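**Q** TSV, C-alpha atoms, file structure-v2.tsv:
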chain	number	residue	atom	x	y	z
T	136	MET	CA	25.87	89.74	88.46
T	137	ARG	CA	27.58	87.12	86.34
T	138	SER	CA	28.44	87.75	82.68
T	139	PRO	CA	26.74	85.52	80.05
T	140	LEU	CA	30.07	83.73	79.51
T	141	ARG	CA	30.42	83.00	83.23
T	142	ARG	CA	26.83	81.72	83.37
T	143	PHE	CA	27.52	79.48	80.37
T	144	GLN	CA	30.69	78.13	81.98
T	145	HIS	CA	28.88	77.62	85.28
T	146	ARG	CA	26.12	75.63	83.56
T	147	MET	CA	28.53	73.61	81.43
T	148	ASN	CA	30.53	72.77	84.55
T	149	ALA	CA	27.45	71.50	86.36
T	150	ILE	CA	26.40	69.34	83.37
T	151	ALA	CA	29.91	68.00	82.75
T	152	ASN	CA	30.25	67.12	86.44
T	153	GLY	CA	26.92	65.31	86.42
T	154	PHE	CA	27.77	63.19	83.40
T	155	TYR	CA	31.47	62.53	83.98
T	156	GLY	CA	32.36	64.15	87.31
T	157	ASP	CA	34.10	61.08	88.72
T	158	TRP	CA	36.21	60.74	85.57
T	159	LEU	CA	37.08	64.46	85.60
T	160	ALA	CA	38.15	64.23	89.24
T	161	GLN	CA	40.22	61.13	88.55
T	162	ARG	CA	42.04	62.96	85.72
T	163	GLY	CA	42.65	66.02	87.89
T	164	ASN	CA	40.70	68.05	85.33
T	165	PRO	CA	40.03	71.59	86.62
T	166	LEU	CA	36.37	71.26	85.59
T	167	ALA	CA	35.83	68.82	88.48
T	168	LEU	CA	34.12	70.83	91.20
T	169	PRO	CA	35.33	70.66	94.79
T	170	MET	CA	32.67	70.66	97.52
T	171	GLN	CA	32.08	74.22	98.70
T	172	VAL	CA	29.74	75.93	101.13
T	173	LEU	CA	28.51	79.26	99.75
T	174	GLN	CA	26.85	82.30	101.24
T	175	ASP	CA	25.45	84.79	98.73
T	176	GLY	CA	27.42	82.97	96.02
T	177	VAL	CA	30.75	83.42	97.84
T	178	ALA	CA	32.68	80.39	99.09
T	179	VAL	CA	32.94	80.07	102.87
T	180	ASN	CA	35.97	78.42	104.43
T	181	PRO	CA	34.43	75.79	106.76
T	182	GLU	CA	37.42	75.95	109.10
T	183	SER	CA	37.26	79.74	109.58
T	184	PRO	CA	33.90	80.97	108.29
T	185	GLU	CA	33.67	84.73	107.82
T	186	ILE	CA	29.92	85.22	107.92
T	187	GLN	CA	27.83	88.36	108.08
T	188	SER	CA	25.67	88.21	111.24
T	189	PRO	CA	25.95	84.46	111.96
T	190	GLN	CA	22.86	82.88	113.52
T	191	SER	CA	22.43	79.80	115.67
T	192	THR	CA	20.24	78.19	113.01
T	193	LEU	CA	21.72	77.02	109.73
T	194	ILE	CA	19.70	76.29	106.61
T	195	VAL	CA	21.71	74.43	104.00
T	196	LEU	CA	20.44	73.95	100.44
T	197	ILE	CA	21.91	70.98	98.56
T	198	HIS	CA	21.28	70.80	94.81
T	199	GLY	CA	20.80	67.71	92.68
T	200	LEU	CA	22.42	65.96	89.73
T	201	MET	CA	23.85	68.33	87.09
T	202	GLY	CA	22.66	71.21	89.21
T	203	SER	CA	24.40	74.04	90.99
T	204	GLU	CA	23.48	76.47	93.74
T	205	THR	CA	21.75	78.70	91.16
T	206	VAL	CA	18.99	76.09	90.68
T	207	TRP	CA	17.51	77.39	93.95
T	208	ASP	CA	17.22	81.00	92.74
T	209	TYR	CA	13.75	82.25	91.88
T	210	PRO	CA	13.50	83.27	88.22
T	211	GLU	CA	14.48	86.94	87.83
T	212	HIS	CA	15.50	87.08	91.53
T	213	ALA	CA	19.12	85.89	91.72
T	214	GLY	CA	20.24	85.13	95.25
T	215	GLN	CA	16.68	84.65	96.59
T	216	ASN	CA	15.75	81.09	97.46
T	217	TYR	CA	13.98	78.92	100.03
T	218	ALA	CA	16.79	79.40	102.56
T	219	THR	CA	16.72	83.21	102.34
T	220	ASP	CA	12.90	83.14	102.65
T	221	LEU	CA	13.12	80.97	105.77
T	222	ALA	CA	16.02	82.98	107.18
T	223	ALA	CA	13.85	86.09	107.10
T	224	VAL	CA	11.28	84.34	109.31
T	225	LEU	CA	13.32	82.17	111.68
T	226	PRO	CA	15.99	83.91	111.77
T	227	ALA	CA	18.78	81.75	110.38
T	228	THR	CA	21.89	81.83	108.23
T	229	PRO	CA	21.15	80.61	104.69
T	230	LEU	CA	23.87	78.58	103.00
T	231	CYS	CA	24.16	76.65	99.75
T	232	LEU	CA	26.33	73.67	98.90
T	233	ARG	CA	28.11	73.18	95.58
T	234	TYR	CA	29.59	69.79	94.76
T	235	ASN	CA	30.58	67.34	92.03
T	236	THR	CA	27.35	65.47	91.34
T	237	GLY	CA	29.08	62.82	89.23
T	238	MET	CA	30.83	61.37	92.27
T	239	ALA	CA	29.17	58.50	94.11
T	240	ILE	CA	26.52	59.61	96.60
T	241	ALA	CA	28.41	57.97	99.46
T	242	HIS	CA	31.54	59.97	98.51
T	243	ASN	CA	29.63	63.26	98.53
T	244	GLY	CA	27.95	62.23	101.80
T	245	SER	CA	31.37	61.65	103.32
T	246	GLU	CA	32.62	65.05	102.12
T	247	LEU	CA	29.49	66.81	103.38
T	248	ASN	CA	29.93	65.13	106.75
T	249	ALA	CA	33.51	66.46	106.97
T	250	VAL	CA	32.53	69.95	105.78
T	251	MET	CA	29.63	70.22	108.24
T	252	GLU	CA	31.74	68.97	111.14
T	253	ALA	CA	34.38	71.62	110.43
T	254	LEU	CA	31.82	74.36	109.79
T	255	VAL	CA	29.80	73.73	112.96
T	256	ALA	CA	32.96	73.49	115.08
T	257	ALA	CA	34.26	76.82	113.76
T	258	TRP	CA	30.92	78.66	113.62
T	259	PRO	CA	31.16	81.98	115.51
T	260	VAL	CA	28.06	81.24	117.65
T	261	ALA	CA	26.81	77.94	119.10
T	262	ILE	CA	24.66	76.07	116.59
T	263	GLU	CA	21.27	75.05	117.98
T	264	ARG	CA	19.47	73.93	114.86
T	265	ILE	CA	20.43	72.72	111.40
T	266	VAL	CA	17.87	72.38	108.60
T	267	LEU	CA	19.01	70.46	105.53
T	268	ILE	CA	17.04	70.89	102.32
T	269	GLY	CA	17.97	68.66	99.39
T	270	HIS	CA	16.69	68.74	95.85
T	271	SER	CA	16.74	65.46	93.90
T	272	MET	CA	20.11	63.74	94.45
T	273	GLY	CA	20.84	66.32	97.17
T	274	GLY	CA	18.34	64.53	99.42
T	275	LEU	CA	20.27	61.29	99.06
T	276	VAL	CA	23.51	63.13	99.87
T	277	ILE	CA	21.83	64.39	103.07
T	278	ARG	CA	20.87	60.84	104.04
T	279	SER	CA	24.39	59.60	103.37
T	280	ALA	CA	26.09	62.47	105.24
T	281	CYS	CA	23.86	62.07	108.31
T	282	HIS	CA	24.34	58.30	108.34
T	283	GLN	CA	28.12	58.60	108.09
T	284	ALA	CA	28.12	61.30	110.79
T	285	VAL	CA	26.18	59.01	113.15
T	286	GLN	CA	28.56	56.15	112.41
T	287	ALA	CA	31.56	58.38	113.17
T	288	ASN	CA	29.96	60.02	116.25
T	289	GLN	CA	30.24	63.48	114.74
T	290	ALA	CA	28.84	66.32	116.82
T	291	TRP	CA	27.17	68.34	114.06
T	292	VAL	CA	24.54	65.72	113.31
T	293	ASP	CA	23.05	66.14	116.81
T	294	GLN	CA	21.92	69.62	115.77
T	295	VAL	CA	20.11	68.42	112.62
T	296	ARG	CA	16.45	68.97	113.43
T	297	GLN	CA	14.76	68.78	110.05
T	298	CYS	CA	15.57	67.29	106.66
T	299	VAL	CA	13.49	68.20	103.62
T	300	TYR	CA	13.66	66.06	100.49
T	301	ILE	CA	12.39	67.83	97.38
T	302	GLY	CA	11.88	65.51	94.41
T	303	THR	CA	14.40	63.08	95.86
T	304	PRO	CA	14.47	59.64	94.19
T	305	HIS	CA	14.58	57.51	97.35
T	306	ASP	CA	13.62	54.47	95.25
T	307	GLY	CA	15.64	55.51	92.20
T	308	SER	CA	14.78	57.55	89.13
T	309	TRP	CA	12.75	55.94	86.35
T	310	LEU	CA	14.97	57.65	83.75
T	311	ALA	CA	18.22	56.38	85.26
T	312	LYS	CA	16.68	52.91	85.65
T	313	SER	CA	15.54	52.94	82.00
T	314	ALA	CA	19.02	53.99	80.86
T	315	GLU	CA	20.54	51.16	82.86
T	316	ARG	CA	18.12	48.59	81.46
T	317	THR	CA	18.61	49.89	77.88
T	318	ALA	CA	22.39	49.73	78.22
T	319	ARG	CA	22.24	46.21	79.62
T	320	LEU	CA	19.93	45.07	76.82
T	321	MET	CA	22.04	46.64	74.08
T	322	ARG	CA	25.23	45.09	75.46
T	323	THR	CA	23.73	41.62	74.94
T	324	MET	CA	22.63	42.22	71.34
T	325	PRO	CA	24.31	40.23	68.55
T	326	ARG	CA	25.12	43.28	66.42
T	327	ASP	CA	28.35	45.11	67.25
T	328	TYR	CA	26.89	48.57	66.50
T	329	ALA	CA	24.15	47.97	69.11
T	330	ARG	CA	26.77	46.87	71.66
T	331	ALA	CA	28.84	50.00	70.90
T	332	VAL	CA	25.82	52.28	71.46
T	333	GLY	CA	25.02	50.34	74.65
T	334	GLY	CA	28.58	51.06	75.80
T	335	VAL	CA	27.99	54.79	75.27
T	336	VAL	CA	24.78	54.70	77.35
T	337	GLU	CA	26.64	52.74	80.01
T	338	SER	CA	29.53	55.22	80.27
T	339	ARG	CA	27.91	57.46	82.87
T	340	SER	CA	29.08	58.77	86.21
T	341	ALA	CA	28.89	56.95	89.53
T	342	GLY	CA	26.33	59.51	90.67
T	343	ILE	CA	23.94	58.66	87.83
T	344	GLU	CA	24.52	54.95	88.42
T	345	ASN	CA	23.45	55.42	92.05
T	346	LEU	CA	20.15	56.93	90.89
T	347	GLY	CA	19.35	53.91	88.76
T	348	ARG	CA	19.08	51.49	91.65
T	349	ASP	CA	16.12	50.50	93.81
T	350	CYS	CA	16.48	51.00	97.53
T	351	ALA	CA	16.70	47.24	97.99
T	352	ASP	CA	19.95	46.84	96.02
T	353	ASN	CA	21.50	50.27	96.40
T	354	ASP	CA	24.63	50.34	98.57
T	355	ALA	CA	24.70	54.14	98.24
T	356	LEU	CA	21.32	54.55	99.90
T	357	HIS	CA	21.69	55.10	103.62
T	358	PRO	CA	18.96	54.99	106.28
T	359	PHE	CA	17.18	58.14	107.41
T	360	LEU	CA	18.49	59.98	110.46
T	361	THR	CA	16.28	58.79	113.31
T	362	SER	CA	16.76	61.87	115.51
T	363	ALA	CA	15.44	64.35	112.94
T	364	GLU	CA	12.07	65.17	111.40
T	365	HIS	CA	11.72	64.37	107.72
T	366	PHE	CA	9.58	66.02	105.08
T	367	ALA	CA	8.96	64.91	101.49
T	368	VAL	CA	7.97	67.08	98.53
T	369	SER	CA	7.07	65.71	95.12
T	370	GLY	CA	5.96	67.27	91.88
T	371	SER	CA	4.24	66.10	88.73
T	372	LEU	CA	4.08	67.28	85.16
T	373	ALA	CA	0.33	66.80	85.07
T	374	LYS	CA	-1.97	69.18	86.93
T	375	ASN	CA	-4.65	66.52	87.35
T	376	ARG	CA	-3.61	63.83	89.84
T	377	PHE	CA	-5.37	61.14	87.77
T	378	ASN	CA	-3.55	62.08	84.57
T	379	PRO	CA	-1.58	59.03	83.35
T	380	ALA	CA	1.49	61.25	82.77
T	381	ARG	CA	1.77	61.61	86.53
T	382	GLN	CA	1.81	57.86	86.98
T	383	LEU	CA	4.25	57.33	84.14
T	384	TRP	CA	6.80	60.11	84.52
T	385	GLY	CA	6.06	61.87	87.81
T	386	ASP	CA	7.77	65.25	87.81
T	387	GLY	CA	9.63	64.33	84.62
T	388	LEU	CA	12.53	62.57	86.31
T	389	VAL	CA	11.28	61.24	89.64
T	390	HIS	CA	8.07	59.37	90.28
T	391	PRO	CA	5.97	60.50	93.31
T	392	SER	CA	6.18	57.00	94.83
T	393	SER	CA	9.99	57.32	94.78
T	394	ALA	CA	9.91	60.90	96.15
T	395	HIS	CA	7.76	59.68	99.08
T	396	ALA	CA	9.98	56.61	99.59
T	397	ASN	CA	7.11	54.14	99.29
T	398	GLY	CA	9.68	51.36	98.92
T	399	ALA	CA	11.35	52.18	102.26
T	400	ASN	CA	9.62	50.86	105.35
T	401	ASN	CA	11.74	52.67	107.92
T	402	ILE	CA	10.54	56.21	107.32
T	403	GLN	CA	7.76	58.11	109.06
T	404	TRP	CA	7.27	61.46	107.41
T	405	LYS	CA	6.56	64.48	109.58
T	406	GLY	CA	5.07	66.12	106.51
T	407	GLN	CA	4.40	65.29	102.88
T	408	ALA	CA	3.28	67.51	100.03
T	409	SER	CA	2.63	67.01	96.32
T	410	PHE	CA	2.53	69.82	93.79
T	411	HIS	CA	0.68	69.05	90.59
T	412	GLY	CA	1.87	70.81	87.47
T	413	VAL	CA	5.31	71.52	88.97
T	414	GLY	CA	8.20	69.80	87.17
T	415	HIS	CA	11.36	68.39	88.67
T	416	VAL	CA	13.64	71.41	88.27
T	417	THR	CA	10.90	73.93	89.07
T	418	LEU	CA	10.39	72.22	92.46
T	419	ALA	CA	13.67	73.84	93.53
T	420	HIS	CA	12.40	77.41	93.09
T	421	HIS	CA	8.61	77.54	93.26
T	422	PRO	CA	6.79	80.05	95.53
T	423	THR	CA	4.16	77.46	96.53
T	424	VAL	CA	6.87	75.08	97.72
T	425	SER	CA	8.45	77.95	99.66
T	426	ARG	CA	5.15	78.63	101.47
T	427	GLN	CA	4.86	74.93	102.33
T	428	LEU	CA	8.42	74.95	103.75
T	429	GLU	CA	7.57	77.99	105.88
T	430	ARG	CA	4.50	76.18	107.28
T	431	TRP	CA	6.66	73.19	108.19
T	432	LEU	CA	9.82	74.84	109.41
T	433	ALA	CA	9.10	78.37	110.61
E	290	MET	CA	45.35	94.29	94.86
E	291	LYS	CA	43.10	94.99	91.89
E	292	THR	CA	45.71	93.58	89.48
E	293	GLN	CA	46.00	90.43	91.57
E	294	GLY	CA	42.24	90.00	91.34
E	295	ILE	CA	42.30	90.29	87.56
E	296	GLN	CA	45.19	87.84	87.30
E	297	ALA	CA	43.36	85.35	89.50
E	298	ALA	CA	40.23	85.64	87.37
E	299	ASP	CA	42.26	85.13	84.15
E	300	ALA	CA	43.97	82.06	85.62
E	301	THR	CA	40.58	80.57	86.44
E	302	GLN	CA	39.39	81.29	82.91
E	303	ALA	CA	42.52	79.71	81.42
E	304	GLU	CA	42.11	76.66	83.65
E	305	TRP	CA	38.47	76.30	82.64
E	306	TRP	CA	39.25	76.37	78.93
E	307	LEU	CA	42.19	73.98	79.37
E	308	GLY	CA	39.93	71.64	81.32
E	309	MET	CA	37.29	71.82	78.62
E	310	ALA	CA	39.92	71.20	75.90
E	311	ASP	CA	41.24	68.21	77.86
E	312	ALA	CA	37.76	66.69	78.12
E	313	ALA	CA	36.92	67.53	74.48
E	314	THR	CA	40.07	65.95	73.01
E	315	ILE	CA	39.71	62.75	75.04
E	316	GLY	CA	36.02	62.73	74.11
E	317	ALA	CA	36.89	63.12	70.42
E	318	ALA	CA	39.33	60.19	70.57
E	319	HIS	CA	36.70	57.98	72.26
E	320	THR	CA	33.98	59.11	69.86
E	321	ALA	CA	36.17	58.34	66.83
E	322	ALA	CA	36.75	54.80	68.16
E	323	ILE	CA	33.02	54.24	68.75
E	324	VAL	CA	31.95	55.69	65.41
E	325	GLU	CA	34.55	53.50	63.66
E	326	ARG	CA	33.08	50.44	65.36
E	327	VAL	CA	29.49	51.40	64.49
E	328	HIS	CA	30.36	52.39	60.90
E	329	ILE	CA	32.18	49.14	60.15
E	330	ALA	CA	29.54	46.99	61.84
E	331	ILE	CA	26.75	48.63	59.78
E	332	ALA	CA	28.79	48.39	56.56
E	333	ASP	CA	29.36	44.69	57.26
E	334	GLU	CA	25.61	44.14	57.13
E	335	THR	CA	25.57	45.22	53.48
E	336	PHE	CA	28.81	43.45	52.58
E	337	GLN	CA	27.46	40.21	54.05
E	338	VAL	CA	24.43	40.45	51.76
E	339	LEU	CA	26.69	41.13	48.76
E	340	SER	CA	28.97	38.23	49.62
E	341	ALA	CA	25.97	35.89	49.28
E	342	VAL	CA	25.52	36.96	45.63
E	343	PRO	CA	27.95	34.92	43.49
E	344	VAL	CA	28.24	37.53	40.70
E	345	VAL	CA	29.49	40.34	42.95
E	346	ARG	CA	31.14	38.30	45.72
E	347	ASN	CA	34.75	38.77	44.60
E	348	VAL	CA	34.39	42.45	43.84
E	349	SER	CA	32.51	43.15	47.06
E	350	GLN	CA	35.22	41.48	49.13
E	351	ARG	CA	37.86	43.75	47.59
E	352	VAL	CA	35.63	46.78	48.11
E	353	ARG	CA	35.02	45.68	51.69
E	354	SER	CA	38.76	45.46	52.40
E	355	ALA	CA	39.34	48.89	50.87
E	356	HIS	CA	36.36	50.41	52.66
E	357	HIS	CA	37.38	49.04	56.05
E	358	GLY	CA	41.02	50.02	55.54
E	359	ILE	CA	40.23	53.60	54.53
E	360	SER	CA	37.64	53.96	57.32
E	361	ARG	CA	40.03	52.67	59.98
E	362	PHE	CA	42.80	54.93	58.68
E	363	CYS	CA	40.53	58.00	58.87
E	364	TYR	CA	39.00	57.29	62.28
E	365	ARG	CA	42.30	56.32	63.85
E	366	GLY	CA	43.89	59.40	62.34
E	367	VAL	CA	41.28	61.54	64.07
E	368	GLY	CA	41.79	59.59	67.28
E	369	LEU	CA	45.59	59.98	67.16
E	370	ALA	CA	45.33	63.69	66.37
E	371	SER	CA	42.99	64.12	69.36
E	372	VAL	CA	45.35	62.27	71.67
E	373	ALA	CA	48.29	64.35	70.37
E	374	MET	CA	46.34	67.54	71.05
E	375	ASN	CA	45.50	66.27	74.50
E	376	HIS	CA	49.23	65.76	75.22
E	377	MET	CA	49.94	69.30	74.02
E	378	ILE	CA	47.21	70.64	76.32
E	379	ALA	CA	48.72	68.66	79.22
E	380	LEU	CA	52.11	70.28	78.48
E	381	ILE	CA	50.76	73.83	78.66
E	382	SER	CA	48.46	73.11	81.59
E	383	PRO	CA	49.64	74.75	84.85
E	384	ARG	CA	48.95	71.49	86.69
E	385	SER	CA	51.62	69.65	84.67
E	386	ALA	CA	54.29	72.18	85.70
Any chance you could put this one into structure tokens?

**A**
Amino acid sequence: MRSPLRRFQHRMNAIANGFYGDWLAQRGNPLALPMQVLQDGVAVNPESPEIQSPQSTLIVLIHGLMGSETVWDYPEHAGQNYATDLAAVLPATPLCLRYNTGMAIAHNGSELNAVMEALVAAWPVAIERIVLIGHSMGGLVIRSACHQAVQANQAWVDQVRQCVYIGTPHDGSWLAKSAERTARLMRTMPRDYARAVGGVVESRSAGIENLGRDCADNDALHPFLTSAEHFAVSGSLAKNRFNPARQLWGDGLVHPSSAHANGANNIQWKGQASFHGVGHVTLAHHPTVSRQLERWLA
Amino acid sequence: MKTQGIQAADATQAEWWLGMADAATIGAAHTAAIVERVHIAIADETFQVLSAVPVVRNVSQRVRSAHHGISRFCYRGVGLASVAMNHMIALISPRSA
């Protein structure tokens, strides 16, 4: 169990990395998080994984912007998450990823590709199935990693059977888009104080910048892996599906149309689910979502 | 073995606080520069109005010079102090060794 100070530091790290992670990494600041695979909160060396009872199925949870592996934990049940629930049914080895969410999505995709290649090659038993579950930006990192793995003929990607995207902004996030538009507008204003404030809004990480783009003009957005099944999960603040709040703000950060990639014409979902009254962060640790994942994946 | 564990944990703690101090001091220097810009730009709005009034024009121009000078001195002082602290942090940081 972590001390309150450790929890505070952990949270501050995740937030600092989300806002300025690329800058922190460039400065060599120790707050910049390296990409790590974790089992039960302990880092696993991908080149020589020491795993308790390794299985031939891997379930990897990948958090979103300003998040960390703890976002997956059910409230009051640290260490229990969607991967541990599924592992009890499948069986499988549950893993979490921790990474610097301020880096560009393509950069994190490249790192995840390298980590997975090393991990699968060194895994004590032959891997038969990999399930990737991404929350928010984590879903875009999955897309990027799989695309780069296909491009580089990496072996691990052949074992990816299912990808689940939970509240993933495939068509960008309305909040990040609004910030980008506000910054652009303020930079063109005649008053210097407005331009200065616009500069502050504009000084955000590459990761946030990637979330502010539509799929049409986003270099960071890679195509879906054609050999795998894909599932989309969205949430909404409003319980009633006709509530205007759902149309305006979606789950608070991501609109349902973006979570279901309505702007992308190259995706055929194997399964889609919407959860009304479940906000963006709660989507990562909600029992109803867990039951849906079991129906799809178990 | 136990002692090594404690030392490792302390080193991580020290690194975290040094990293936070590095980010905070650079952030303070940047913030001082932005606040200076905003402060002077807003003050100029008022001084421009005053400069259009013939009775107070001369006085307001002198006040404007003094105001801007004192403001710049203060903000840049804060910025320089932050940068100096950042250099000190870099000197004691294990990564600079």

**Q** Which one of E:Gln337, E:Ser349, E:Ser382, E:Thr320 sits closest to Trp306 (chain E) if you count all atoms listed in the file?

**A**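 Once distances to Trp306 (chain E) are computed over all atoms listed in the file, the minimum belongs to E:Ser382.
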
**Q** Measure the distance from CA of Ile194 (chain T) to CA of Ala222 (chain T) in Å and round it to one decimal.

**A**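 CA of Ala222 (chain T) lies 7.7 Å from CA of Ile194 (chain T).
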
**Q** So the first atom is CA of Val276 (chain T) and the second is CA of Ala218 (chain T); what is the distance between them in Å, to one decimal place?

**A**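 These two atoms are separated by 17.8 Å.
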
**Q** From the set T:Ala329, T:Leu428, T:Val250, T:Ala396, which residue has the shortest atom-to-atom contact distance to chain E, counting only C-alpha atoms?

**A**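 Looking only at the distances to chain E, the closest residue turns out to be T:Ala329.
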
**Q** Find the residues in chain E near chain T: any atom within 6 Å counts, using all atoms listed in the file. Write them as a list in words.

**A**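 Residues of chain E within 6 Å of chain T, counting all atoms listed in the file: Gly308, Val327 and Ala330 of chain E.
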
**Q** Export, as a PDB file, in the coordinates of the input, the selected residues with C-alpha atoms.

**A**
ATOM      1  CA  GLY E 308      39.930  71.640  81.320  1.00  0.00           C
ATOM      2  CA  VAL E 327      29.490  51.400  64.490  1.00  0.00           C
ATOM      3  CA  ALA E 330      29.540  46.990  61.840  1.00  0.00           C
TER       4      ALA E 330
END

**Q** Do a neighbour search on Ser371 (chain E) at 8 Å with all atoms listed in the file, toss out local chain neighbours closer than 2 positions, and write the hits as a PyMOL selection string.

**A** chain E and resi 314-315+317-318+367-369+373-375

**Q** Go ahead and save the picked residues with C-alpha atoms, as a CSV table (one decimal), keeping the file's coordinate frame.

**A**
chain,number,residue,atom,x,y,z
E,314,THR,CA,40.1,66.0,73.0
E,315,ILE,CA,39.7,62.8,75.0
E,317,ALA,CA,36.9,63.1,70.4
E,318,ALA,CA,39.3,60.2,70.6
E,367,VAL,CA,41.3,61.5,64.1
E,368,GLY,CA,41.8,59.6,67.3
E,369,LEU,CA,45.6,60.0,67.2
E,373,ALA,CA,48.3,64.4,70.4
E,374,MET,CA,46.3,67.5,71.0
E,375,ASN,CA,45.5,66.3,74.5

**Q** Please indicate the distance in Å from CA of Arg326 (chain E) to CA of Asn347 (chain E), rounded to one decimal place.

**A**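 Taking CA of Arg326 (chain E) as the start and CA of Asn347 (chain E) as the end point, the length is 23.9 Å.
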
**Q** Could you list, as a PDB file with C-alpha atoms, in the frame of the given file, every residue within 12 Å of region 306-309 of chain T, counting only C-alpha atoms and ignoring same-chain residues fewer than 4 positions away?

**A**
ATOM      1  CA  LEU T 200      22.420  65.960  89.730  1.00  0.00           C
ATOM      2  CA  SER T 271      16.740  65.460  93.900  1.00  0.00           C
ATOM      3  CA  MET T 272      20.110  63.740  94.450  1.00  0.00           C
ATOM      4  CA  GLY T 274      18.340  64.530  99.420  1.00  0.00           C
ATOM      5  CA  LEU T 275      20.270  61.290  99.060  1.00  0.00           C
ATOM      6  CA  GLY T 302      11.880  65.510  94.410  1.00  0.00           C
ATOM      7  CA  SER T 313      15.540  52.940  82.000  1.00  0.00           C
ATOM      8  CA  ALA T 314      19.020  53.990  80.860  1.00  0.00           C
ATOM      9  CA  GLU T 315      20.540  51.160  82.860  1.00  0.00           C
ATOM     10  CA  ARG T 316      18.120  48.590  81.460  1.00  0.00           C
ATOM     11  CA  THR T 317      18.610  49.890  77.880  1.00  0.00           C
ATOM     12  CA  GLY T 342      26.330  59.510  90.670  1.00  0.00           C
ATOM     13  CA  ILE T 343      23.940  58.660  87.830  1.00  0.00           C
ATOM     14  CA  GLU T 344      24.520  54.950  88.420  1.00  0.00           C
ATOM     15  CA  ASN T 345      23.450  55.420  92.050  1.00  0.00           C
ATOM     16  CA  LEU T 346      20.150  56.930  90.890  1.00  0.00           C
ATOM     17  CA  GLY T 347      19.350  53.910  88.760  1.00  0.00           C
ATOM     18  CA  ARG T 348      19.080  51.490  91.650  1.00  0.00           C
ATOM     19  CA  ASP T 349      16.120  50.500  93.810  1.00  0.00           C
ATOM     20  CA  CYS T 350      16.480  51.000  97.530  1.00  0.00           C
ATOM     21  CA  ALA T 351      16.700  47.240  97.990  1.00  0.00           C
ATOM     22  CA  ASP T 352      19.950  46.840  96.020  1.00  0.00           C
ATOM     23  CA  ASN T 353      21.500  50.270  96.400  1.00  0.00           C
ATOM     24  CA  ALA T 355      24.700  54.140  98.240  1.00  0.00           C
ATOM     25  CA  LEU T 356      21.320  54.550  99.900  1.00  0.00           C
ATOM     26  CA  HIS T 357      21.690  55.100 103.620  1.00  0.00           C
ATOM     27  CA  GLN T 382       1.810  57.860  86.980  1.00  0.00           C
ATOM     28  CA  LEU T 383       4.250  57.330  84.140  1.00  0.00           C
ATOM     29  CA  TRP T 384       6.800  60.110  84.520  1.00  0.00           C
ATOM     30  CA  GLY T 385       6.060  61.870  87.810  1.00  0.00           C
ATOM     31  CA  ASP T 386       7.770  65.250  87.810  1.00  0.00           C
ATOM     32  CA  GLY T 387       9.630  64.330  84.620  1.00  0.00           C
ATOM     33  CA  LEU T 388      12.530  62.570  86.310  1.00  0.00           C
ATOM     34  CA  VAL T 389      11.280  61.240  89.640  1.00  0.00           C
ATOM     35  CA  HIS T 390       8.070  59.370  90.280  1.00  0.00           C
ATOM     36  CA  PRO T 391       5.970  60.500  93.310  1.00  0.00           C
ATOM     37  CA  SER T 392       6.180  57.000  94.830  1.00  0.00           C
ATOM     38  CA  SER T 393       9.990  57.320  94.780  1.00  0.00           C
ATOM     39  CA  ALA T 394       9.910  60.900  96.150  1.00  0.00           C
ATOM     40  CA  HIS T 395       7.760  59.680  99.080  1.00  0.00           C
ATOM     41  CA  ALA T 396       9.980  56.610  99.590  1.00  0.00           C
ATOM     42  CA  ASN T 397       7.110  54.140  99.290  1.00  0.00           C
ATOM     43  CA  GLY T 398       9.680  51.360  98.920  1.00  0.00           C
ATOM     44  CA  ALA T 399      11.350  52.180 102.260  1.00  0.00           C
ATOM     45  CA  ASN T 400       9.620  50.860 105.350  1.00  0.00           C
ATOM     46  CA  HIS T 415      11.360  68.390  88.670  1.00  0.00           C
TER      47      HIS T 415
END

**Q** My list of candidates is E:Cys363, E:Ile378, E:Leu307, E:Val352. Which is closest to Ala332 (chain E) when distances are computed with all atoms listed in the file?

**A**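 The closest residue to Ala332 (chain E) is E:Val352.
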
**Q** Write out as a list in words each polymer residue whose atoms come within 7 Å of Pro189 (chain T), counting all atoms listed in the file; drop sequence neighbours fewer than 4 positions from it.

**A** Thr228, Pro259 and Val260 of chain T

**Q** From the list E:Val344, E:Tyr364, E:Arg353, E:Leu380, which residue is nearest Ile323 (chain E) when using only C-alpha atoms?

**A**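 Nearest candidate to Ile323 (chain E) out of E:Val344, E:Tyr364, E:Arg353, E:Leu380: E:Tyr364.
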
**Q** Determine, counting all atoms listed in the file, which protein, DNA and RNA residues have an atom within 10 Å of an atom of Ser360 (chain E); residues of the same chain fewer than 5 positions away are not included. Present the result as JSON, numbers by chain.

**A** {"E": [325, 326, 328, 329, 354, 355, 365, 366]}
